[in-house]
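So the structure is just underneath, and the comments pick up after that.
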Number of protein chains: 2
Amino acid sequence: MNSRLIDQVSWNSDGLVAAIAQDASSGRVLMMAWMNRESLQLTIAEQRAVYYSRSRQALWRKGENSGHVQQLHAIQLDCDGDTLLLQVTQIGDIACHTGRQSCFYRSWQEADWVATEAVRKDPKDIY
Amino acid sequence: MNSRLIDQVSWNSDGLVAAIAQDASSGRVLMMAWMNRESLQLTIAEQRAVYYSRSRQALWRKGENSGHVQQLHAIQLDCDGDTLLLQVTQIGDIACHTGRQSCFYRSWQEADWVATEAVRKDPKDIY
């Protein structure tokens, strides 16, 4: 285990750090998920995003089922060490389990959250 | 209180939601902080980023001391409702309390986190 990699991160009480994935080419923010120490190590080692699924309480190699792998270009740490920013290439151009490019597809408009982005692929055909 | 605004958000056990601020013009991710129900309402009402400071346990109108206000252009919610994405204009072009444009100024390079962005303004001159 690389201690320099791990020690600069301010792990929360659950041993996790927030991780934002941004498309390295377009700059679009694709998703936010969580990493534990092991997933951060694996992300660096495998040069692809490996998160920790809080609901499944297990490592989550992004794209392991869908093929929508996130190839790593760079990884950045914020000033207080509690958030990571990943610059990635999103394989398939779909990051969201709903079949959209980004998980941030709802916008606040006037008086409601409105889905402003079309589904690119039926989730049934992804998983 | 606008129930549509609030009810679609998956507030965590502390009553908070993660909020990412992105420069609406350049696409650069500036910071990640937290909001409670009141700060989200105020962000919409005042069209500027209002966070909730976990350390101070108080509302945090970004820029209230530094002048580095984040003017709101749009606000987006992710698929599972636990993260917001704010499109902002960063007044002063400095989001970080260290005097840098972005809080994500450290990059993992080979074997260490390396600060890859210069300080634009001495923090002593900001606060």
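Residue names in the structure tokens use chain letters A, B, ... in the order shown, residue numbers from 1 in each chain, and ligand numbers from 1 in the order shown.
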Inset, instruction - Please identify all polymer residues within 10 Å of Asp82 in chain A, counting only C-alpha atoms, omitting same-chain residues fewer than 4 positions from it, and present them as a ChimeraX atom specification. - result: /A:8-12,16-19,77-78 /B:32-33
Fit chain A to chain B: least squares, all C-alpha atoms, paired in order; write the output as a PDB file with C-alpha atoms, in the first residue's frame.
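As a result, result22.pdb now contains:
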ATOM      1  CA  MET A   1     -40.197  26.179   1.799  1.00  0.00           C
ATOM      2  CA  ASN A   2     -40.449  24.704  -1.688  1.00  0.00           C
ATOM      3  CA  SER A   3     -41.232  21.038  -1.173  1.00  0.00           C
ATOM      4  CA  ARG A   4     -40.519  20.055  -4.794  1.00  0.00           C
ATOM      5  CA  LEU A   5     -37.023  21.456  -4.452  1.00  0.00           C
ATOM      6  CA  ILE A   6     -36.367  19.676  -1.179  1.00  0.00           C
ATOM      7  CA  ASP A   7     -38.198  16.379  -1.565  1.00  0.00           C
ATOM      8  CA  GLN A   8     -36.333  15.134  -4.615  1.00  0.00           C
ATOM      9  CA  VAL A   9     -33.036  15.367  -2.761  1.00  0.00           C
ATOM     10  CA  SER A  10     -31.799  12.349  -0.809  1.00  0.00           C
ATOM     11  CA  TRP A  11     -30.581  14.086   2.320  1.00  0.00           C
ATOM     12  CA  ASN A  12     -28.021  12.088   4.272  1.00  0.00           C
ATOM     13  CA  SER A  13     -28.342  11.213   7.954  1.00  0.00           C
ATOM     14  CA  ASP A  14     -26.917  14.633   8.837  1.00  0.00           C
ATOM     15  CA  GLY A  15     -29.505  16.350   6.648  1.00  0.00           C
ATOM     16  CA  LEU A  16     -26.913  17.301   4.046  1.00  0.00           C
ATOM     17  CA  VAL A  17     -26.316  16.844   0.334  1.00  0.00           C
ATOM     18  CA  ALA A  18     -22.992  17.108  -1.503  1.00  0.00           C
ATOM     19  CA  ALA A  19     -22.679  20.104  -3.824  1.00  0.00           C
ATOM     20  CA  ILE A  20     -20.069  20.433  -6.564  1.00  0.00           C
ATOM     21  CA  ALA A  21     -19.350  23.871  -8.016  1.00  0.00           C
ATOM     22  CA  GLN A  22     -18.249  24.028 -11.648  1.00  0.00           C
ATOM     23  CA  ASP A  23     -17.192  27.132 -13.537  1.00  0.00           C
ATOM     24  CA  ALA A  24     -20.008  27.625 -16.046  1.00  0.00           C
ATOM     25  CA  SER A  25     -17.649  29.134 -18.575  1.00  0.00           C
ATOM     26  CA  SER A  26     -14.485  27.029 -18.428  1.00  0.00           C
ATOM     27  CA  GLY A  27     -16.000  23.824 -17.083  1.00  0.00           C
ATOM     28  CA  ARG A  28     -13.368  23.621 -14.376  1.00  0.00           C
ATOM     29  CA  VAL A  29     -14.497  21.917 -11.191  1.00  0.00           C
ATOM     30  CA  LEU A  30     -13.854  24.427  -8.438  1.00  0.00           C
ATOM     31  CA  MET A  31     -14.815  22.785  -5.157  1.00  0.00           C
ATOM     32  CA  MET A  32     -17.107  20.391  -3.343  1.00  0.00           C
ATOM     33  CA  ALA A  33     -19.001  21.372  -0.220  1.00  0.00           C
ATOM     34  CA  TRP A  34     -22.264  20.536   1.530  1.00  0.00           C
ATOM     35  CA  MET A  35     -25.749  22.011   1.701  1.00  0.00           C
ATOM     36  CA  ASN A  36     -28.621  21.582   4.105  1.00  0.00           C
ATOM     37  CA  ARG A  37     -32.223  22.285   3.200  1.00  0.00           C
ATOM     38  CA  GLU A  38     -32.000  25.937   4.144  1.00  0.00           C
ATOM     39  CA  SER A  39     -28.822  26.557   2.162  1.00  0.00           C
ATOM     40  CA  LEU A  40     -30.302  24.966  -0.937  1.00  0.00           C
ATOM     41  CA  GLN A  41     -33.383  27.165  -0.646  1.00  0.00           C
ATOM     42  CA  LEU A  42     -31.192  30.232  -0.204  1.00  0.00           C
ATOM     43  CA  THR A  43     -28.979  29.273  -3.139  1.00  0.00           C
ATOM     44  CA  ILE A  44     -32.022  29.309  -5.391  1.00  0.00           C
ATOM     45  CA  ALA A  45     -33.544  32.404  -3.827  1.00  0.00           C
ATOM     46  CA  GLU A  46     -30.359  34.464  -3.887  1.00  0.00           C
ATOM     47  CA  GLN A  47     -28.903  32.938  -7.076  1.00  0.00           C
ATOM     48  CA  ARG A  48     -25.539  32.447  -5.390  1.00  0.00           C
ATOM     49  CA  ALA A  49     -23.942  29.451  -3.717  1.00  0.00           C
ATOM     50  CA  VAL A  50     -24.870  29.140  -0.053  1.00  0.00           C
ATOM     51  CA  TYR A  51     -23.310  26.092   1.589  1.00  0.00           C
ATOM     52  CA  TYR A  52     -23.513  24.604   5.058  1.00  0.00           C
ATOM     53  CA  SER A  53     -20.211  24.530   6.892  1.00  0.00           C
ATOM     54  CA  ARG A  54     -19.903  21.256   8.766  1.00  0.00           C
ATOM     55  CA  SER A  55     -16.968  22.545  10.830  1.00  0.00           C
ATOM     56  CA  ARG A  56     -18.727  25.746  11.860  1.00  0.00           C
ATOM     57  CA  GLN A  57     -22.182  24.177  11.802  1.00  0.00           C
ATOM     58  CA  ALA A  58     -23.555  27.279  10.163  1.00  0.00           C
ATOM     59  CA  LEU A  59     -24.716  28.614   6.825  1.00  0.00           C
ATOM     60  CA  TRP A  60     -21.831  29.672   4.622  1.00  0.00           C
ATOM     61  CA  ARG A  61     -22.559  32.234   1.958  1.00  0.00           C
ATOM     62  CA  LYS A  62     -19.582  31.577  -0.276  1.00  0.00           C
ATOM     63  CA  GLY A  63     -17.648  34.828  -0.614  1.00  0.00           C
ATOM     64  CA  GLU A  64     -19.165  36.475   2.443  1.00  0.00           C
ATOM     65  CA  ASN A  65     -15.683  37.335   3.746  1.00  0.00           C
ATOM     66  CA  SER A  66     -13.488  37.060   0.662  1.00  0.00           C
ATOM     67  CA  GLY A  67     -15.845  38.604  -1.859  1.00  0.00           C
ATOM     68  CA  HIS A  68     -15.373  35.458  -3.961  1.00  0.00           C
ATOM     69  CA  VAL A  69     -19.068  34.948  -4.477  1.00  0.00           C
ATOM     70  CA  GLN A  70     -20.312  32.180  -6.745  1.00  0.00           C
ATOM     71  CA  GLN A  71     -23.140  33.462  -8.925  1.00  0.00           C
ATOM     72  CA  LEU A  72     -25.566  30.719  -9.853  1.00  0.00           C
ATOM     73  CA  HIS A  73     -26.369  29.877 -13.464  1.00  0.00           C
ATOM     74  CA  ALA A  74     -27.914  26.450 -13.076  1.00  0.00           C
ATOM     75  CA  ILE A  75     -28.275  23.692 -10.557  1.00  0.00           C
ATOM     76  CA  GLN A  76     -28.492  20.006 -11.383  1.00  0.00           C
ATOM     77  CA  LEU A  77     -29.354  16.918  -9.381  1.00  0.00           C
ATOM     78  CA  ASP A  78     -27.927  13.469  -9.977  1.00  0.00           C
ATOM     79  CA  CYS A  79     -29.813  10.234 -10.584  1.00  0.00           C
ATOM     80  CA  ASP A  80     -29.922   9.083  -6.985  1.00  0.00           C
ATOM     81  CA  GLY A  81     -30.480  12.554  -5.616  1.00  0.00           C
ATOM     82  CA  ASP A  82     -27.525  12.728  -3.275  1.00  0.00           C
ATOM     83  CA  THR A  83     -25.318  15.164  -5.181  1.00  0.00           C
ATOM     84  CA  LEU A  84     -25.926  18.616  -6.635  1.00  0.00           C
ATOM     85  CA  LEU A  85     -23.929  20.236  -9.420  1.00  0.00           C
ATOM     86  CA  LEU A  86     -23.850  24.028  -9.516  1.00  0.00           C
ATOM     87  CA  GLN A  87     -22.895  25.939 -12.642  1.00  0.00           C
ATOM     88  CA  VAL A  88     -21.428  29.182 -11.383  1.00  0.00           C
ATOM     89  CA  THR A  89     -19.519  32.295 -12.240  1.00  0.00           C
ATOM     90  CA  GLN A  90     -16.683  32.504  -9.747  1.00  0.00           C
ATOM     91  CA  ILE A  91     -16.154  36.129  -8.800  1.00  0.00           C
ATOM     92  CA  GLY A  92     -12.444  36.922  -8.474  1.00  0.00           C
ATOM     93  CA  ASP A  93     -11.640  33.662 -10.257  1.00  0.00           C
ATOM     94  CA  ILE A  94     -10.550  32.207  -6.920  1.00  0.00           C
ATOM     95  CA  ALA A  95     -12.622  29.478  -5.297  1.00  0.00           C
ATOM     96  CA  CYS A  96     -10.060  28.047  -2.884  1.00  0.00           C
ATOM     97  CA  HIS A  97      -9.189  29.449   0.526  1.00  0.00           C
ATOM     98  CA  THR A  98      -5.513  28.905  -0.417  1.00  0.00           C
ATOM     99  CA  GLY A  99      -5.884  31.609  -3.070  1.00  0.00           C
ATOM    100  CA  ARG A 100      -6.054  29.243  -6.017  1.00  0.00           C
ATOM    101  CA  GLN A 101      -8.667  29.092  -8.749  1.00  0.00           C
ATOM    102  CA  SER A 102      -9.784  25.578  -7.799  1.00  0.00           C
ATOM    103  CA  CYS A 103      -9.556  23.545  -4.620  1.00  0.00           C
ATOM    104  CA  PHE A 104      -8.387  20.606  -6.757  1.00  0.00           C
ATOM    105  CA  TYR A 105      -4.842  21.872  -7.200  1.00  0.00           C
ATOM    106  CA  ARG A 106      -2.957  18.728  -6.178  1.00  0.00           C
ATOM    107  CA  SER A 107      -2.379  15.982  -8.732  1.00  0.00           C
ATOM    108  CA  TRP A 108      -1.115  12.465  -8.169  1.00  0.00           C
ATOM    109  CA  GLN A 109       2.169  12.199 -10.024  1.00  0.00           C
ATOM    110  CA  GLU A 110       4.187   9.000  -9.878  1.00  0.00           C
ATOM    111  CA  ALA A 111       4.545   8.684  -6.124  1.00  0.00           C
ATOM    112  CA  ASP A 112       3.145  11.790  -4.507  1.00  0.00           C
ATOM    113  CA  TRP A 113       0.487  14.485  -4.539  1.00  0.00           C
ATOM    114  CA  VAL A 114       1.988  17.527  -6.213  1.00  0.00           C
ATOM    115  CA  ALA A 115       0.582  21.051  -6.149  1.00  0.00           C
ATOM    116  CA  THR A 116       0.349  21.910  -9.818  1.00  0.00           C
ATOM    117  CA  GLU A 117      -1.311  25.293  -9.607  1.00  0.00           C
ATOM    118  CA  ALA A 118       0.113  28.567  -8.369  1.00  0.00           C
ATOM    119  CA  VAL A 119      -1.481  30.719  -5.709  1.00  0.00           C
ATOM    120  CA  ARG A 120      -3.160  33.694  -7.386  1.00  0.00           C
ATOM    121  CA  LYS A 121      -3.546  35.773  -4.267  1.00  0.00           C
ATOM    122  CA  ASP A 122      -2.027  35.455  -0.819  1.00  0.00           C
ATOM    123  CA  PRO A 123      -4.686  34.100   1.550  1.00  0.00           C
ATOM    124  CA  LYS A 124      -3.669  36.808   4.014  1.00  0.00           C
ATOM    125  CA  ASP A 125      -4.935  39.326   1.494  1.00  0.00           C
ATOM    126  CA  ILE A 126      -8.192  37.456   1.039  1.00  0.00           C
ATOM    127  CA  TYR A 127      -9.377  36.900   4.603  1.00  0.00           C
TER     128      TYR A 127
END
Inset, instruction - Identify, with DSSP run on backbone atoms, the residues in range 22-101 of chain A assigned to strand (DSSP E or B), and express the list as an MDAnalysis selection string. - result: chainID A and resid 22:23 29:35 48 50:53 58:61 70:77 83:90
Inset, instruction - If you run DSSP over the backbone, which residues in chain A end up helix (DSSP H, G or I)? Put them as JSON, numbers by chain. - result: {"A": [3, 4, 5, 6, 7, 37, 38, 39, 40, 41, 42, 43, 44, 45, 46, 91, 92, 93, 123, 124, 125, 126]}
